[in-house]
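Here's the structure we're looking at; comments come further down.
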Amino acid sequence: MNSYYTLVKFSANELSDDNLTVGIIFANSTNLRMELSNFRMKQFKKFASIDNNIIDFIIVQLKNFITEQNNKLMLNADNVSLFNNQNISAYSSFDYLHRYSNGLLRFSEPKLFGKEFDEDTVKKLYSVYLEDNCITKAIKENNKENLEFYHNIKTKLIDKVESKVHTNQKLDGKIVPTLFLPYTLDCIGLNGAFIGAKAVPFNQSDETLQKNINTYCSIIFHLKQRYKKEGLDNNFFLISDEPKLGTPVHTFWKQLKDHEELFKIISSDEVEQVSDLIFKKGAKEFLNS
């Protein structure tokens, strides 16, 4: 009897391919089972730019989904399996989620097995993807760099200003007409002029990096136009650590740093400049007010 598994992942950046595998969902003909790594969940929460309660809520909802699927299988245990024509909803759901989940929670493409899962197989796959003592081998080097990158932003910026301005604010086409997909700013506030910041690690693909920065520029332009703040002393920041010298991406970073007038590039170690300015200028929330 066929079975399958899919990897459960969290992404720190919705436009980036960077993500951290935190669990595995196994499924055979009779039930679904999820194994989570508590260590990896704790690691992600350290640098996540959203409230940890939201992450916990997502996991609870995922567990509820698995429970619902298991209940359906139990009700049809006599004549229904995961892989006949009458009940392929579980596999199809995860295949759909793999294709279209591009936000915080993501799933790998479901992998089919030619036999039922047993405890030995579960342990082996858990060891390959989630074993805590080999996490440094399992995470790519750029992911490890991003752990510190986002941790600095959360502790030195988000945690300090979340009671003053919008943090982790998702914008859509209602606010910025050129947006096709939602885009999240790390912080944005207003008091006479704008103060805002967006974190963009430069170890992304060229296409993702270009799209990310172009979208940020478009947002800045439309916000200033919509709220009639052109010509004022607006302060927008691009939080990006300097890439390795001599690489093509460093050339792009240097061009932005030297010539971009819409925002100022600062490193993740310098983000307190943004929080200090927010308090100095008395910036406040302004959306939906």
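Numbering starts fresh at 1 for the residues of each chain in the structure tokens, the chains themselves are lettered A, B, ... in the order given, and ligands are numbered from 1 as they appear.
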Which neighbours of range 42-53 of chain A fall inside 10 Å, counting only C-alpha atoms, when residues of the same chain fewer than 6 positions from it are skipped, and could you give them as JSON, numbers by chain? {"A": [10, 11, 12, 13, 19, 20, 21, 22, 59, 104, 146, 147, 148, 149, 150, 151, 152, 153, 154, 155, 157, 158, 159, 167, 168, 169, 186]}
Taking C-alpha atoms for each residue, export the selection above as a PDB file, in the first residue's frame.
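Saved as out17.pdb:
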ATOM      1  CA  PHE A  10       8.614  28.033   8.102  1.00  0.00           C
ATOM      2  CA  SER A  11       9.936  30.949   6.059  1.00  0.00           C
ATOM      3  CA  ALA A  12      11.253  34.170   7.545  1.00  0.00           C
ATOM      4  CA  ASN A  13      10.707  36.074   4.315  1.00  0.00           C
ATOM      5  CA  ASN A  19      13.104  28.388   4.969  1.00  0.00           C
ATOM      6  CA  LEU A  20      13.685  26.054   7.881  1.00  0.00           C
ATOM      7  CA  THR A  21      12.241  22.537   8.021  1.00  0.00           C
ATOM      8  CA  VAL A  22      10.565  22.080  11.410  1.00  0.00           C
ATOM      9  CA  ILE A  59       0.815  24.783  14.427  1.00  0.00           C
ATOM     10  CA  LEU A 104       5.107  31.921   6.567  1.00  0.00           C
ATOM     11  CA  ASN A 146      19.921  34.800   8.312  1.00  0.00           C
ATOM     12  CA  LEU A 147      19.228  33.478  11.800  1.00  0.00           C
ATOM     13  CA  GLU A 148      21.403  36.240  13.249  1.00  0.00           C
ATOM     14  CA  PHE A 149      20.192  38.756  10.652  1.00  0.00           C
ATOM     15  CA  TYR A 150      16.513  38.433  11.589  1.00  0.00           C
ATOM     16  CA  HIS A 151      17.282  38.012  15.283  1.00  0.00           C
ATOM     17  CA  ASN A 152      18.957  41.461  15.282  1.00  0.00           C
ATOM     18  CA  ILE A 153      15.965  43.013  13.534  1.00  0.00           C
ATOM     19  CA  LYS A 154      13.502  41.497  15.972  1.00  0.00           C
ATOM     20  CA  THR A 155      15.368  42.361  19.176  1.00  0.00           C
ATOM     21  CA  LEU A 157      13.963  47.095  16.196  1.00  0.00           C
ATOM     22  CA  ILE A 158      10.618  45.265  16.175  1.00  0.00           C
ATOM     23  CA  ASP A 159      10.439  44.549  19.910  1.00  0.00           C
ATOM     24  CA  THR A 167       5.371  46.341  12.611  1.00  0.00           C
ATOM     25  CA  ASN A 168       5.395  43.372  10.250  1.00  0.00           C
ATOM     26  CA  GLN A 169       2.749  45.318   8.362  1.00  0.00           C
ATOM     27  CA  ASP A 186       9.204  45.390   8.994  1.00  0.00           C
TER      28      ASP A 186
END
Exercise: Tyr4 in chain A partners within 9 Å, only C-alpha atoms, chain neighbours under 2 positions left out, as a PDB file with N, CA and C atoms, in the first residue's frame:
ATOM      1  N   ASN A   2       0.556   2.227  -0.846  1.00  0.00           N
ATOM      2  CA  ASN A   2       1.340   3.445  -0.923  1.00  0.00           C
ATOM      3  C   ASN A   2       1.204   4.289   0.337  1.00  0.00           C
ATOM      4  N   THR A   6       5.491  14.675   3.676  1.00  0.00           N
ATOM      5  CA  THR A   6       5.748  16.047   3.235  1.00  0.00           C
ATOM      6  C   THR A   6       6.442  16.783   4.367  1.00  0.00           C
ATOM      7  N   ILE A  25       5.213  15.395   8.007  1.00  0.00           N
ATOM      8  CA  ILE A  25       3.903  14.761   8.087  1.00  0.00           C
ATOM      9  C   ILE A  25       3.966  13.453   7.303  1.00  0.00           C
ATOM     10  N   PHE A  26       3.675  12.347   7.978  1.00  0.00           N
ATOM     11  CA  PHE A  26       3.645  11.020   7.359  1.00  0.00           C
ATOM     12  C   PHE A  26       2.191  10.614   7.144  1.00  0.00           C
ATOM     13  N   ALA A  27       1.929   9.874   6.074  1.00  0.00           N
ATOM     14  CA  ALA A  27       0.567   9.389   5.837  1.00  0.00           C
ATOM     15  C   ALA A  27       0.609   8.008   5.205  1.00  0.00           C
ATOM     16  N   ASN A  28      -0.211   7.130   5.717  1.00  0.00           N
ATOM     17  CA  ASN A  28      -0.388   5.822   5.088  1.00  0.00           C
ATOM     18  C   ASN A  28      -1.875   5.619   4.819  1.00  0.00           C
ATOM     19  N   TYR A  91      -3.799  13.809   0.410  1.00  0.00           N
ATOM     20  CA  TYR A  91      -2.642  13.968  -0.470  1.00  0.00           C
ATOM     21  C   TYR A  91      -2.803  15.201  -1.346  1.00  0.00           C
ATOM     22  N   PRO A 110       4.766  16.471  -1.747  1.00  0.00           N
ATOM     23  CA  PRO A 110       4.596  15.147  -1.120  1.00  0.00           C
ATOM     24  C   PRO A 110       5.389  14.080  -1.866  1.00  0.00           C
ATOM     25  N   LYS A 111       6.089  13.229  -1.109  1.00  0.00           N
ATOM     26  CA  LYS A 111       6.896  12.166  -1.689  1.00  0.00           C
ATOM     27  C   LYS A 111       6.217  10.819  -1.453  1.00  0.00           C
ATOM     28  N   LEU A 112       5.933  10.098  -2.544  1.00  0.00           N
ATOM     29  CA  LEU A 112       5.261   8.808  -2.430  1.00  0.00           C
ATOM     30  C   LEU A 112       6.237   7.694  -2.084  1.00  0.00           C
ATOM     31  N   PHE A 113       5.754   6.763  -1.234  1.00  0.00           N
ATOM     32  CA  PHE A 113       6.484   5.549  -0.905  1.00  0.00           C
ATOM     33  C   PHE A 113       5.711   4.355  -1.474  1.00  0.00           C
ATOM     34  N   GLY A 114       6.424   3.299  -1.763  1.00  0.00           N
ATOM     35  CA  GLY A 114       5.770   2.113  -2.299  1.00  0.00           C
ATOM     36  C   GLY A 114       5.301   1.147  -1.241  1.00  0.00           C
ATOM     37  N   LYS A 115       5.426   1.530   0.028  1.00  0.00           N
ATOM     38  CA  LYS A 115       5.000   0.658   1.115  1.00  0.00           C
ATOM     39  C   LYS A 115       4.501   1.488   2.274  1.00  0.00           C
ATOM     40  N   GLU A 116       3.920   0.825   3.272  1.00  0.00           N
ATOM     41  CA  GLU A 116       3.444   1.524   4.471  1.00  0.00           C
ATOM     42  C   GLU A 116       4.626   1.979   5.319  1.00  0.00           C
ATOM     43  N   PHE A 117       4.437   3.090   6.021  1.00  0.00           N
ATOM     44  CA  PHE A 117       5.458   3.530   6.961  1.00  0.00           C
ATOM     45  C   PHE A 117       5.455   2.635   8.197  1.00  0.00           C
TER      46      PHE A 117
END
Closest to Lys257 in chain A among A:Val8, A:Leu245, A:Lys160, A:Leu238, using only C-alpha atoms?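 Looking at the shortest contact to Lys257 in chain A, the residue is A:Leu238.
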For Ile278 in chain A, the nearest of the candidates A:Ser93, A:Ser163, A:Gln61, A:Thr121, counting only C-alpha atoms: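 Smallest separation from Ile278 in chain A among the options: A:Ser163.
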What lies within 10 Å of Val161 in chain A using only C-alpha atoms, ignoring chain neighbours under 3 positions off, as a list in words?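 What passes the distance filter is Lys154, Lys156, Leu157, Ile158, Lys164, Val165, His166, Thr167, Cys187, Ile188, Gly189, Val274, Ser275, Asp276, Ile278, Phe279, Ala283 and Lys284 of chain A.
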Can you write out the residues you just picked, keeping N, CA and C atoms, as a compact mmCIF listing (two decimals), in the first residue's frame?
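Below you can see again_2.txt, which holds the result:
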# COMPACT_ATOMS: atom_id res chain seq x y z
N LYS A 154 14.58 41.69 15.00
CA LYS A 154 13.50 41.50 15.97
C LYS A 154 13.83 42.15 17.31
N LYS A 156 16.39 44.33 18.17
CA LYS A 156 16.89 45.70 18.18
C LYS A 156 15.94 46.71 17.55
N LEU A 157 14.90 46.19 16.85
CA LEU A 157 13.96 47.10 16.20
C LEU A 157 12.51 46.75 16.52
N ILE A 158 12.04 45.60 16.06
CA ILE A 158 10.62 45.27 16.18
C ILE A 158 10.13 45.29 17.62
N LYS A 164 4.52 51.50 19.05
CA LYS A 164 4.48 52.86 18.52
C LYS A 164 4.00 52.91 17.07
N VAL A 165 4.53 52.05 16.22
CA VAL A 165 4.24 52.09 14.78
C VAL A 165 3.78 50.72 14.31
N HIS A 166 3.41 50.64 13.04
CA HIS A 166 3.05 49.35 12.45
C HIS A 166 4.31 48.49 12.32
N THR A 167 4.26 47.27 12.78
CA THR A 167 5.37 46.34 12.61
C THR A 167 4.88 45.09 11.90
N CYS A 187 8.65 47.69 9.54
CA CYS A 187 7.99 48.73 10.34
C CYS A 187 7.68 49.92 9.44
N ILE A 188 6.63 50.64 9.80
CA ILE A 188 6.25 51.86 9.07
C ILE A 188 5.45 52.74 10.02
N GLY A 189 5.85 54.00 10.11
CA GLY A 189 5.16 54.95 10.97
C GLY A 189 5.11 56.32 10.30
N VAL A 274 16.92 53.11 13.33
CA VAL A 274 15.50 53.25 12.97
C VAL A 274 14.65 53.41 14.22
N SER A 275 14.86 52.57 15.22
CA SER A 275 14.06 52.68 16.44
C SER A 275 14.30 54.01 17.14
N ASP A 276 15.55 54.45 17.17
CA ASP A 276 15.86 55.75 17.79
C ASP A 276 15.14 56.89 17.08
N ILE A 278 12.37 56.68 15.28
CA ILE A 278 10.93 56.58 15.51
C ILE A 278 10.54 57.26 16.82
N PHE A 279 11.32 57.03 17.87
CA PHE A 279 11.04 57.67 19.16
C PHE A 279 11.34 59.17 19.10
N ALA A 283 6.90 59.07 15.72
CA ALA A 283 6.11 58.42 14.67
C ALA A 283 5.05 57.50 15.29
N LYS A 284 3.92 57.38 14.59
CA LYS A 284 2.79 56.60 15.09
C LYS A 284 2.19 55.76 13.97
Spatial neighbours of Leu32 in chain A, 12 Å, only C-alpha atoms, chain gap at least 5 places, as a ChimeraX atom specification: /A:3-6,24-27,62-74,81-82,90-91,94,116-117
Considering only strand (DSSP E or B) as DSSP defines it on the backbone, what residues of range 27-271 of chain A qualify? List them as a ChimeraX atom specification. /A:27,32-36,105-107,111-113,166-171,183-191,193-199,235-239,264-266
Tell me which protein, DNA and RNA residues are within 9 Å of Leu232 in chain A, counting only C-alpha atoms, leaving out same-chain ones fewer than 2 positions away, and put them as a compact mmCIF listing (two decimals) with N, CA and C atoms, in the first residue's frame.
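So the final result, stored in selection-v3.txt, reads:
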# COMPACT_ATOMS: atom_id res chain seq x y z
N GLY A 192 4.06 63.57 10.30
CA GLY A 192 4.53 64.61 9.39
C GLY A 192 5.22 64.01 8.18
N ALA A 193 6.11 63.06 8.41
CA ALA A 193 6.80 62.35 7.34
C ALA A 193 6.89 60.87 7.72
N PHE A 194 7.24 60.05 6.76
CA PHE A 194 7.32 58.62 6.99
C PHE A 194 8.66 58.20 7.60
N LYS A 224 4.19 57.87 -0.43
CA LYS A 224 4.45 59.31 -0.41
C LYS A 224 3.43 60.06 -1.26
N LYS A 229 3.27 63.21 0.82
CA LYS A 229 4.49 63.43 1.59
C LYS A 229 5.71 63.60 0.69
N GLU A 230 5.48 63.87 -0.62
CA GLU A 230 6.61 64.11 -1.51
C GLU A 230 7.35 65.38 -1.08
N ASN A 234 11.26 62.34 4.51
CA ASN A 234 10.90 60.95 4.79
C ASN A 234 12.17 60.14 5.03
